[in-house]
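Novice: File data20.pdb below, PDB, N, CA and C atoms:
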```pdb
ATOM      1  N   MET A 116     122.694 230.544 -41.296
ATOM      2  CA  MET A 116     121.413 229.909 -41.084
ATOM      3  C   MET A 116     120.614 229.942 -42.376
ATOM      4  N   ASN A 117     119.641 229.097 -42.464
ATOM      5  CA  ASN A 117     118.826 228.988 -43.660
ATOM      6  C   ASN A 117     117.816 230.137 -43.693
ATOM      7  N   ASP A 118     117.861 230.932 -44.739
ATOM      8  CA  ASP A 118     116.946 232.069 -44.865
ATOM      9  C   ASP A 118     115.756 231.749 -45.751
ATOM     10  N   ASN A 119     115.603 230.534 -46.169
ATOM     11  CA  ASN A 119     114.517 230.135 -47.044
ATOM     12  C   ASN A 119     113.238 229.974 -46.199
ATOM     13  N   PRO A 120     112.221 230.863 -46.391
ATOM     14  CA  PRO A 120     111.013 230.808 -45.559
ATOM     15  C   PRO A 120     110.157 229.567 -45.814
ATOM     16  N   THR A 121     110.139 229.061 -47.024
ATOM     17  CA  THR A 121     109.334 227.868 -47.284
ATOM     18  C   THR A 121     109.942 226.634 -46.608
ATOM     19  N   LYS A 122     111.268 226.559 -46.598
ATOM     20  CA  LYS A 122     111.948 225.455 -45.912
ATOM     21  C   LYS A 122     111.668 225.521 -44.417
ATOM     22  N   LEU A 123     111.720 226.714 -43.854
ATOM     23  CA  LEU A 123     111.442 226.917 -42.446
ATOM     24  C   LEU A 123     109.989 226.557 -42.134
ATOM     25  N   HIS A 124     109.091 226.963 -42.990
ATOM     26  CA  HIS A 124     107.675 226.670 -42.806
ATOM     27  C   HIS A 124     107.432 225.156 -42.854
ATOM     28  N   ASN A 125     108.088 224.449 -43.782
ATOM     29  CA  ASN A 125     107.965 222.987 -43.881
ATOM     30  C   ASN A 125     108.515 222.298 -42.638
ATOM     31  N   ASP A 126     109.634 222.809 -42.138
ATOM     32  CA  ASP A 126     110.224 222.240 -40.922
ATOM     33  C   ASP A 126     109.287 222.413 -39.733
ATOM     34  N   VAL A 127     108.666 223.568 -39.627
ATOM     35  CA  VAL A 127     107.725 223.830 -38.537
ATOM     36  C   VAL A 127     106.525 222.893 -38.643
ATOM     37  N   LYS A 128     106.027 222.675 -39.835
ATOM     38  CA  LYS A 128     104.895 221.766 -40.035
ATOM     39  C   LYS A 128     105.270 220.337 -39.636
ATOM     40  N   ILE A 129     106.463 219.923 -40.010
ATOM     41  CA  ILE A 129     106.923 218.579 -39.646
ATOM     42  C   ILE A 129     107.015 218.439 -38.135
ATOM     43  N   MET A 130     107.544 219.455 -37.484
ATOM     44  CA  MET A 130     107.655 219.429 -36.020
ATOM     45  C   MET A 130     106.271 219.402 -35.371
ATOM     46  N   GLU A 131     105.338 220.163 -35.892
ATOM     47  CA  GLU A 131     103.983 220.163 -35.344
ATOM     48  C   GLU A 131     103.315 218.806 -35.509
ATOM     49  N   LYS A 132     103.517 218.170 -36.650
ATOM     50  CA  LYS A 132     102.962 216.835 -36.871
ATOM     51  C   LYS A 132     103.576 215.836 -35.898
ATOM     52  N   THR A 133     104.877 215.968 -35.684
ATOM     53  CA  THR A 133     105.559 215.069 -34.756
ATOM     54  C   THR A 133     105.029 215.253 -33.344
ATOM     55  N   ILE A 134     104.825 216.490 -32.931
ATOM     56  CA  ILE A 134     104.290 216.779 -31.595
ATOM     57  C   ILE A 134     102.880 216.205 -31.457
ATOM     58  N   GLU A 135     102.075 216.343 -32.472
ATOM     59  CA  GLU A 135     100.713 215.788 -32.432
ATOM     60  C   GLU A 135     100.742 214.261 -32.334
ATOM     61  N   LYS A 136     101.656 213.622 -33.057
ATOM     62  CA  LYS A 136     101.778 212.169 -32.975
ATOM     63  C   LYS A 136     102.194 211.743 -31.576
ATOM     64  N   LEU A 137     103.122 212.484 -30.987
ATOM     65  CA  LEU A 137     103.566 212.165 -29.632
ATOM     66  C   LEU A 137     102.435 212.344 -28.625
ATOM     67  N   LYS A 138     101.611 213.345 -28.823
ATOM     68  CA  LYS A 138     100.461 213.536 -27.939
ATOM     69  C   LYS A 138      99.474 212.388 -28.087
ATOM     70  N   ARG A 139      99.279 211.916 -29.313
ATOM     71  CA  ARG A 139      98.340 210.825 -29.545
ATOM     72  C   ARG A 139      98.789 209.520 -28.902
ATOM     73  N   ILE A 140     100.079 209.288 -28.840
ATOM     74  CA  ILE A 140     100.547 208.047 -28.219
ATOM     75  C   ILE A 140     100.720 208.199 -26.714
ATOM     76  N   GLU A 141     100.248 209.298 -26.187
ATOM     77  CA  GLU A 141     100.250 209.559 -24.748
ATOM     78  C   GLU A 141     101.651 209.437 -24.151
ATOM     79  N   LEU A 142     102.547 210.167 -24.700
ATOM     80  CA  LEU A 142     103.935 210.151 -24.243
ATOM     81  C   LEU A 142     104.055 210.623 -22.798
ATOM     82  N   GLN A 143     103.204 211.560 -22.407
ATOM     83  CA  GLN A 143     103.272 212.082 -21.042
ATOM     84  C   GLN A 143     102.979 210.985 -20.014
ATOM     85  N   GLU A 144     101.978 210.152 -20.292
ATOM     86  CA  GLU A 144     101.673 209.061 -19.369
ATOM     87  C   GLU A 144     102.831 208.075 -19.287
ATOM     88  N   PHE A 145     103.444 207.820 -20.411
ATOM     89  CA  PHE A 145     104.578 206.895 -20.429
ATOM     90  C   PHE A 145     105.764 207.451 -19.650
ATOM     91  N   THR A 146     106.030 208.742 -19.806
ATOM     92  CA  THR A 146     107.143 209.342 -19.056
ATOM     93  C   THR A 146     106.821 209.375 -17.565
ATOM     94  N   ASN A 147     105.556 209.574 -17.201
ATOM     95  CA  ASN A 147     105.180 209.510 -15.783
ATOM     96  C   ASN A 147     105.398 208.099 -15.235
ATOM     97  N   TYR A 148     105.057 207.105 -16.051
ATOM     98  CA  TYR A 148     105.275 205.714 -15.654
ATOM     99  C   TYR A 148     106.761 205.447 -15.430
ATOM    100  N   LEU A 149     107.586 205.916 -16.367
ATOM    101  CA  LEU A 149     109.035 205.675 -16.248
ATOM    102  C   LEU A 149     109.668 206.449 -15.104
ATOM    103  N   SER A 150     109.057 207.542 -14.698
ATOM    104  CA  SER A 150     109.648 208.354 -13.638
ATOM    105  C   SER A 150     109.358 207.787 -12.255
ATOM    106  N   SER A 151     108.474 206.820 -12.145
ATOM    107  CA  SER A 151     108.141 206.232 -10.852
ATOM    108  C   SER A 151     108.687 204.810 -10.768
ATOM    109  N   PRO A 152     109.786 204.598 -10.057
ATOM    110  CA  PRO A 152     110.370 203.253  -9.984
ATOM    111  C   PRO A 152     109.445 202.243  -9.293
ATOM    112  N   TRP A 153     108.670 202.682  -8.303
ATOM    113  CA  TRP A 153     107.785 201.753  -7.616
ATOM    114  C   TRP A 153     106.669 201.272  -8.534
ATOM    115  N   ARG A 154     106.211 202.127  -9.426
ATOM    116  CA  ARG A 154     105.181 201.736 -10.383
ATOM    117  C   ARG A 154     105.740 200.685 -11.349
ATOM    118  N   ILE A 155     106.980 200.856 -11.763
ATOM    119  CA  ILE A 155     107.625 199.884 -12.654
ATOM    120  C   ILE A 155     107.807 198.550 -11.932
ATOM    121  N   ILE A 156     108.261 198.611 -10.679
ATOM    122  CA  ILE A 156     108.464 197.388  -9.899
ATOM    123  C   ILE A 156     107.142 196.650  -9.713
ATOM    124  N   TRP A 157     106.086 197.387  -9.364
ATOM    125  CA  TRP A 157     104.779 196.773  -9.145
ATOM    126  C   TRP A 157     104.246 196.132 -10.430
ATOM    127  N   ALA A 158     104.359 196.840 -11.535
ATOM    128  CA  ALA A 158     103.872 196.303 -12.814
ATOM    129  C   ALA A 158     104.652 195.043 -13.199
ATOM    130  N   ASN A 159     105.953 195.055 -13.021
ATOM    131  CA  ASN A 159     106.763 193.878 -13.343
ATOM    132  C   ASN A 159     106.486 192.721 -12.385
ATOM    133  N   PHE A 160     106.217 193.044 -11.113
ATOM    134  CA  PHE A 160     105.870 192.004 -10.144
ATOM    135  C   PHE A 160     104.569 191.313 -10.547
ATOM    136  N   LEU A 161     103.564 192.106 -10.900
ATOM    137  CA  LEU A 161     102.287 191.527 -11.315
ATOM    138  C   LEU A 161     102.434 190.705 -12.594
ATOM    139  N   ALA A 162     103.208 191.210 -13.543
ATOM    140  CA  ALA A 162     103.418 190.471 -14.791
ATOM    141  C   ALA A 162     104.150 189.155 -14.528
ATOM    142  N   GLY A 163     105.162 189.187 -13.684
ATOM    143  CA  GLY A 163     105.899 187.973 -13.349
ATOM    144  C   GLY A 163     105.044 186.957 -12.611
ATOM    145  N   THR A 164     104.193 187.447 -11.710
ATOM    146  CA  THR A 164     103.289 186.559 -10.987
ATOM    147  C   THR A 164     102.311 185.890 -11.947
ATOM    148  N   ALA A 165     101.771 186.661 -12.872
ATOM    149  CA  ALA A 165     100.835 186.100 -13.851
ATOM    150  C   ALA A 165     101.531 185.067 -14.734
ATOM    151  N   ARG A 166     102.753 185.361 -15.163
ATOM    152  CA  ARG A 166     103.486 184.398 -15.989
ATOM    153  C   ARG A 166     103.779 183.112 -15.210
ATOM    154  N   GLY A 167     104.209 183.265 -13.961
ATOM    155  CA  GLY A 167     104.518 182.102 -13.131
ATOM    156  C   GLY A 167     103.299 181.243 -12.872
ATOM    157  N   LEU A 168     102.171 181.891 -12.577
ATOM    158  CA  LEU A 168     100.937 181.151 -12.338
ATOM    159  C   LEU A 168     100.484 180.433 -13.606
ATOM    160  N   GLY A 169     100.583 181.104 -14.726
ATOM    161  CA  GLY A 169     100.224 180.476 -15.999
ATOM    162  C   GLY A 169     101.110 179.284 -16.308
ATOM    163  N   PHE A 170     102.399 179.421 -16.041
ATOM    164  CA  PHE A 170     103.327 178.313 -16.269
ATOM    165  C   PHE A 170     102.984 177.143 -15.365
ATOM    166  N   LEU A 171     102.700 177.420 -14.102
ATOM    167  CA  LEU A 171     102.387 176.370 -13.144
ATOM    168  C   LEU A 171     101.127 175.612 -13.537
ATOM    169  N   ILE A 172     100.075 176.340 -13.873
ATOM    170  CA  ILE A 172      98.816 175.698 -14.261
ATOM    171  C   ILE A 172      98.998 174.909 -15.562
ATOM    172  N   GLY A 173      99.682 175.492 -16.538
ATOM    173  CA  GLY A 173      99.911 174.807 -17.801
ATOM    174  C   GLY A 173     100.742 173.544 -17.638
ATOM    175  N   ALA A 174     101.800 173.631 -16.852
ATOM    176  CA  ALA A 174     102.658 172.463 -16.635
ATOM    177  C   ALA A 174     101.900 171.361 -15.902
ATOM    178  N   ALA A 175     101.109 171.731 -14.899
ATOM    179  CA  ALA A 175     100.322 170.728 -14.169
ATOM    180  C   ALA A 175      99.326 170.044 -15.092
ATOM    181  N   LEU A 176      98.711 170.817 -15.955
ATOM    182  CA  LEU A 176      97.736 170.258 -16.895
ATOM    183  C   LEU A 176      98.412 169.287 -17.873
ATOM    184  N   ILE A 177      99.534 169.689 -18.419
ATOM    185  CA  ILE A 177     100.238 168.833 -19.381
ATOM    186  C   ILE A 177     100.756 167.562 -18.715
ATOM    187  N   ILE A 178     101.297 167.679 -17.505
ATOM    188  CA  ILE A 178     101.801 166.501 -16.792
ATOM    189  C   ILE A 178     100.660 165.556 -16.445
ATOM    190  N   THR A 179      99.518 166.110 -16.042
ATOM    191  CA  THR A 179      98.359 165.272 -15.722
ATOM    192  C   THR A 179      97.865 164.524 -16.955
ATOM    193  N   ILE A 180      97.726 165.241 -18.058
ATOM    194  CA  ILE A 180      97.266 164.600 -19.294
ATOM    195  C   ILE A 180      98.262 163.533 -19.743
ATOM    196  N   ALA A 181      99.542 163.846 -19.677
ATOM    197  CA  ALA A 181     100.562 162.864 -20.073
ATOM    198  C   ALA A 181     100.522 161.639 -19.159
ATOM    199  N   GLY A 182     100.308 161.849 -17.868
ATOM    200  CA  GLY A 182     100.223 160.726 -16.930
ATOM    201  C   GLY A 182      99.042 159.827 -17.210
ATOM    202  N   VAL A 183      97.906 160.438 -17.497
ATOM    203  CA  VAL A 183      96.714 159.641 -17.805
ATOM    204  C   VAL A 183      96.920 158.853 -19.097
ATOM    205  N   VAL A 184      97.442 159.516 -20.113
ATOM    206  CA  VAL A 184      97.667 158.846 -21.399
ATOM    207  C   VAL A 184      98.678 157.717 -21.239
ATOM    208  N   LEU A 185      99.777 157.990 -20.543
ATOM    209  CA  LEU A 185     100.786 156.947 -20.364
ATOM    210  C   LEU A 185     100.241 155.785 -19.549
ATOM    211  N   THR A 186      99.450 156.066 -18.530
ATOM    212  CA  THR A 186      98.892 154.993 -17.707
ATOM    213  C   THR A 186      97.926 154.130 -18.513
ATOM    214  N   LYS A 187      97.104 154.764 -19.321
ATOM    215  CA  LYS A 187      96.096 154.004 -20.087
ATOM    216  C   LYS A 187      96.724 153.182 -21.213
ATOM    217  N   PHE A 188      97.620 153.774 -21.976
ATOM    218  CA  PHE A 188      98.144 153.101 -23.161
ATOM    219  C   PHE A 188      99.361 152.228 -22.874
ATOM    220  N   LEU A 189     100.230 152.679 -22.016
ATOM    221  CA  LEU A 189     101.448 151.913 -21.783
ATOM    222  C   LEU A 189     101.265 150.809 -20.754
ATOM    223  N   SER A 190     100.124 150.795 -20.073
ATOM    224  CA  SER A 190      99.910 149.743 -19.078
ATOM    225  C   SER A 190      99.668 148.390 -19.750
ATOM    226  N   GLN A 191      99.428 148.404 -21.034
ATOM    227  CA  GLN A 191      99.170 147.158 -21.754
ATOM    228  C   GLN A 191     100.444 146.529 -22.316
ATOM    229  N   ILE A 192     101.550 147.253 -22.275
ATOM    230  CA  ILE A 192     102.834 146.713 -22.729
ATOM    231  C   ILE A 192     103.435 145.933 -21.560
ATOM    232  N   PRO A 193     103.928 144.724 -21.776
ATOM    233  CA  PRO A 193     104.329 143.836 -20.662
ATOM    234  C   PRO A 193     105.261 144.456 -19.613
ATOM    235  N   PHE A 194     106.468 144.870 -19.972
ATOM    236  CA  PHE A 194     107.395 145.354 -18.950
ATOM    237  C   PHE A 194     107.075 146.778 -18.516
ATOM    238  N   VAL A 195     106.738 147.613 -19.465
ATOM    239  CA  VAL A 195     106.417 149.007 -19.167
ATOM    240  C   VAL A 195     105.105 149.085 -18.405
ATOM    241  N   GLY A 196     104.162 148.226 -18.754
ATOM    242  CA  GLY A 196     102.864 148.221 -18.098
ATOM    243  C   GLY A 196     102.968 147.915 -16.615
ATOM    244  N   ASP A 197     103.823 146.969 -16.258
ATOM    245  CA  ASP A 197     104.015 146.637 -14.839
ATOM    246  C   ASP A 197     104.550 147.834 -14.066
ATOM    247  N   PHE A 198     105.462 148.556 -14.686
ATOM    248  CA  PHE A 198     106.035 149.742 -14.042
ATOM    249  C   PHE A 198     104.962 150.797 -13.786
ATOM    250  N   PHE A 199     104.157 151.091 -14.812
ATOM    251  CA  PHE A 199     103.125 152.115 -14.655
ATOM    252  C   PHE A 199     102.007 151.663 -13.725
ATOM    253  N   GLN A 200     101.721 150.374 -13.688
ATOM    254  CA  GLN A 200     100.730 149.886 -12.741
ATOM    255  C   GLN A 200     101.236 150.044 -11.308
ATOM    256  N   ALA A 201     102.517 149.812 -11.110
ATOM    257  CA  ALA A 201     103.104 149.989  -9.778
ATOM    258  C   ALA A 201     103.041 151.465  -9.358
ATOM    259  N   ILE A 202     103.320 152.350 -10.279
ATOM    260  CA  ILE A 202     103.235 153.784  -9.976
ATOM    261  C   ILE A 202     101.790 154.169  -9.668
ATOM    262  N   ASP A 203     100.845 153.633 -10.425
ATOM    263  CA  ASP A 203      99.431 153.922 -10.200
ATOM    264  C   ASP A 203      98.997 153.442  -8.818
ATOM    265  N   ILE A 204      99.391 152.255  -8.448
ATOM    266  CA  ILE A 204      99.062 151.712  -7.117
ATOM    267  C   ILE A 204      99.706 152.570  -6.029
ATOM    268  N   TRP A 205     100.949 152.980  -6.235
ATOM    269  CA  TRP A 205     101.646 153.822  -5.255
ATOM    270  C   TRP A 205     100.926 155.152  -5.060
ATOM    271  N   ILE A 206     100.483 155.760  -6.157
ATOM    272  CA  ILE A 206      99.778 157.045  -6.066
ATOM    273  C   ILE A 206      98.440 156.862  -5.354
ATOM    274  N   LYS A 207      97.720 155.802  -5.681
ATOM    275  CA  LYS A 207      96.431 155.557  -5.022
ATOM    276  C   LYS A 207      96.610 155.294  -3.534
ATOM    277  N   ASP A 208      97.658 154.556  -3.143
ATOM    278  CA  ASP A 208      97.931 154.320  -1.728
ATOM    279  C   ASP A 208      98.277 155.610  -1.001
ATOM    280  N   ALA A 209      99.087 156.461  -1.663
ATOM    281  CA  ALA A 209      99.457 157.740  -1.051
ATOM    282  C   ALA A 209      98.232 158.626  -0.866
ATOM    283  N   LEU A 210      97.351 158.645  -1.841
ATOM    284  CA  LEU A 210      96.105 159.438  -1.704
ATOM    285  C   LEU A 210      95.214 158.900  -0.606
ATOM    286  N   ALA A 211      95.132 157.576  -0.495
ATOM    287  CA  ALA A 211      94.327 156.977   0.563
ATOM    288  C   ALA A 211      94.888 157.314   1.937
ATOM    289  N   GLN A 212      96.210 157.304   2.089
ATOM    290  CA  GLN A 212      96.835 157.652   3.365
ATOM    291  C   GLN A 212      96.580 159.118   3.725
ATOM    292  N   VAL A 213      96.622 159.994   2.727
ATOM    293  CA  VAL A 213      96.364 161.409   2.978
ATOM    294  C   VAL A 213      94.913 161.612   3.420
ATOM    295  N   LYS A 214      93.992 160.899   2.793
ATOM    296  CA  LYS A 214      92.574 161.009   3.164
ATOM    297  C   LYS A 214      92.330 160.467   4.566
ATOM    298  N   ASN A 215      93.048 159.388   4.963
ATOM    299  CA  ASN A 215      92.892 158.822   6.297
ATOM    300  C   ASN A 215      93.482 159.726   7.376
ATOM    301  N   VAL A 216      94.527 160.461   7.046
ATOM    302  CA  VAL A 216      95.153 161.371   8.021
ATOM    303  C   VAL A 216      94.213 162.524   8.333
ATOM    304  N   ASN A 217      93.530 163.025   7.316
ATOM    305  CA  ASN A 217      92.607 164.157   7.497
ATOM    306  C   ASN A 217      91.342 163.629   8.105
TER     307      ASN A 217
END
```
Write out the structure in this file as structure tokens.
Specialist:
Amino acid sequence: MNDNPTKLHNDVKIMEKTIEKLKRIELQEFTNYLSSPWRIIWANFLAGTARGLGFLIGAALIITIAGVVLTKFLSQIPFVGDFFQAIDIWIKDALAQVKNVN
């Protein structure tokens, strides 16, 4: 074994610094989190729900904006415009039918 007291003292100081760093990053809370499978499942469920909701809202927003832009600009092109006008009329008729049912 190493009989050098200064080397031993330096090693002890390094270990103490490491322990202090681990305490600062709250390692105990993290290990408690990892030791509870239900806590991990719940946290991942909430994160997945938030991601899914964000994706849904973002996709709906982008599709709506793209639909409005395509309807406004492409409706003036002869063949493409007729197609988008037909889709616009179809959507308006479907909305009117839904409003009449309620």
Novice: Take atom CA of A:Gly182 and atom CA of A:Phe199 and report the distance between them in Å, one decimal.
Specialist: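 Computing the Euclidean distance for atom CA of A:Gly182 and atom CA of A:Phe199 yields 9.4 Å.
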Novice: Using all atoms listed in the file, determine which residues lie at most 8 Å from stretch 185-188 of chain A, disregarding the query and same-chain residues fewer than 5 positions distant; provide the list as a PyMOL selection string.
Specialist: chain A and resi 179-180+195-196+199-200+203
Novice: Atom C of A:Leu123 and atom N of A:Glu141, how far apart in Å?
Specialist: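 Taking atom N of A:Glu141 and atom C of A:Leu123, their separation equals 25.4 Å.
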Novice: Please, what distance in Å, to one decimal, runs between atom CA of A:Leu137 and atom CA of A:Asn159?
Specialist: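 These atoms are spaced 24.7 Å apart.
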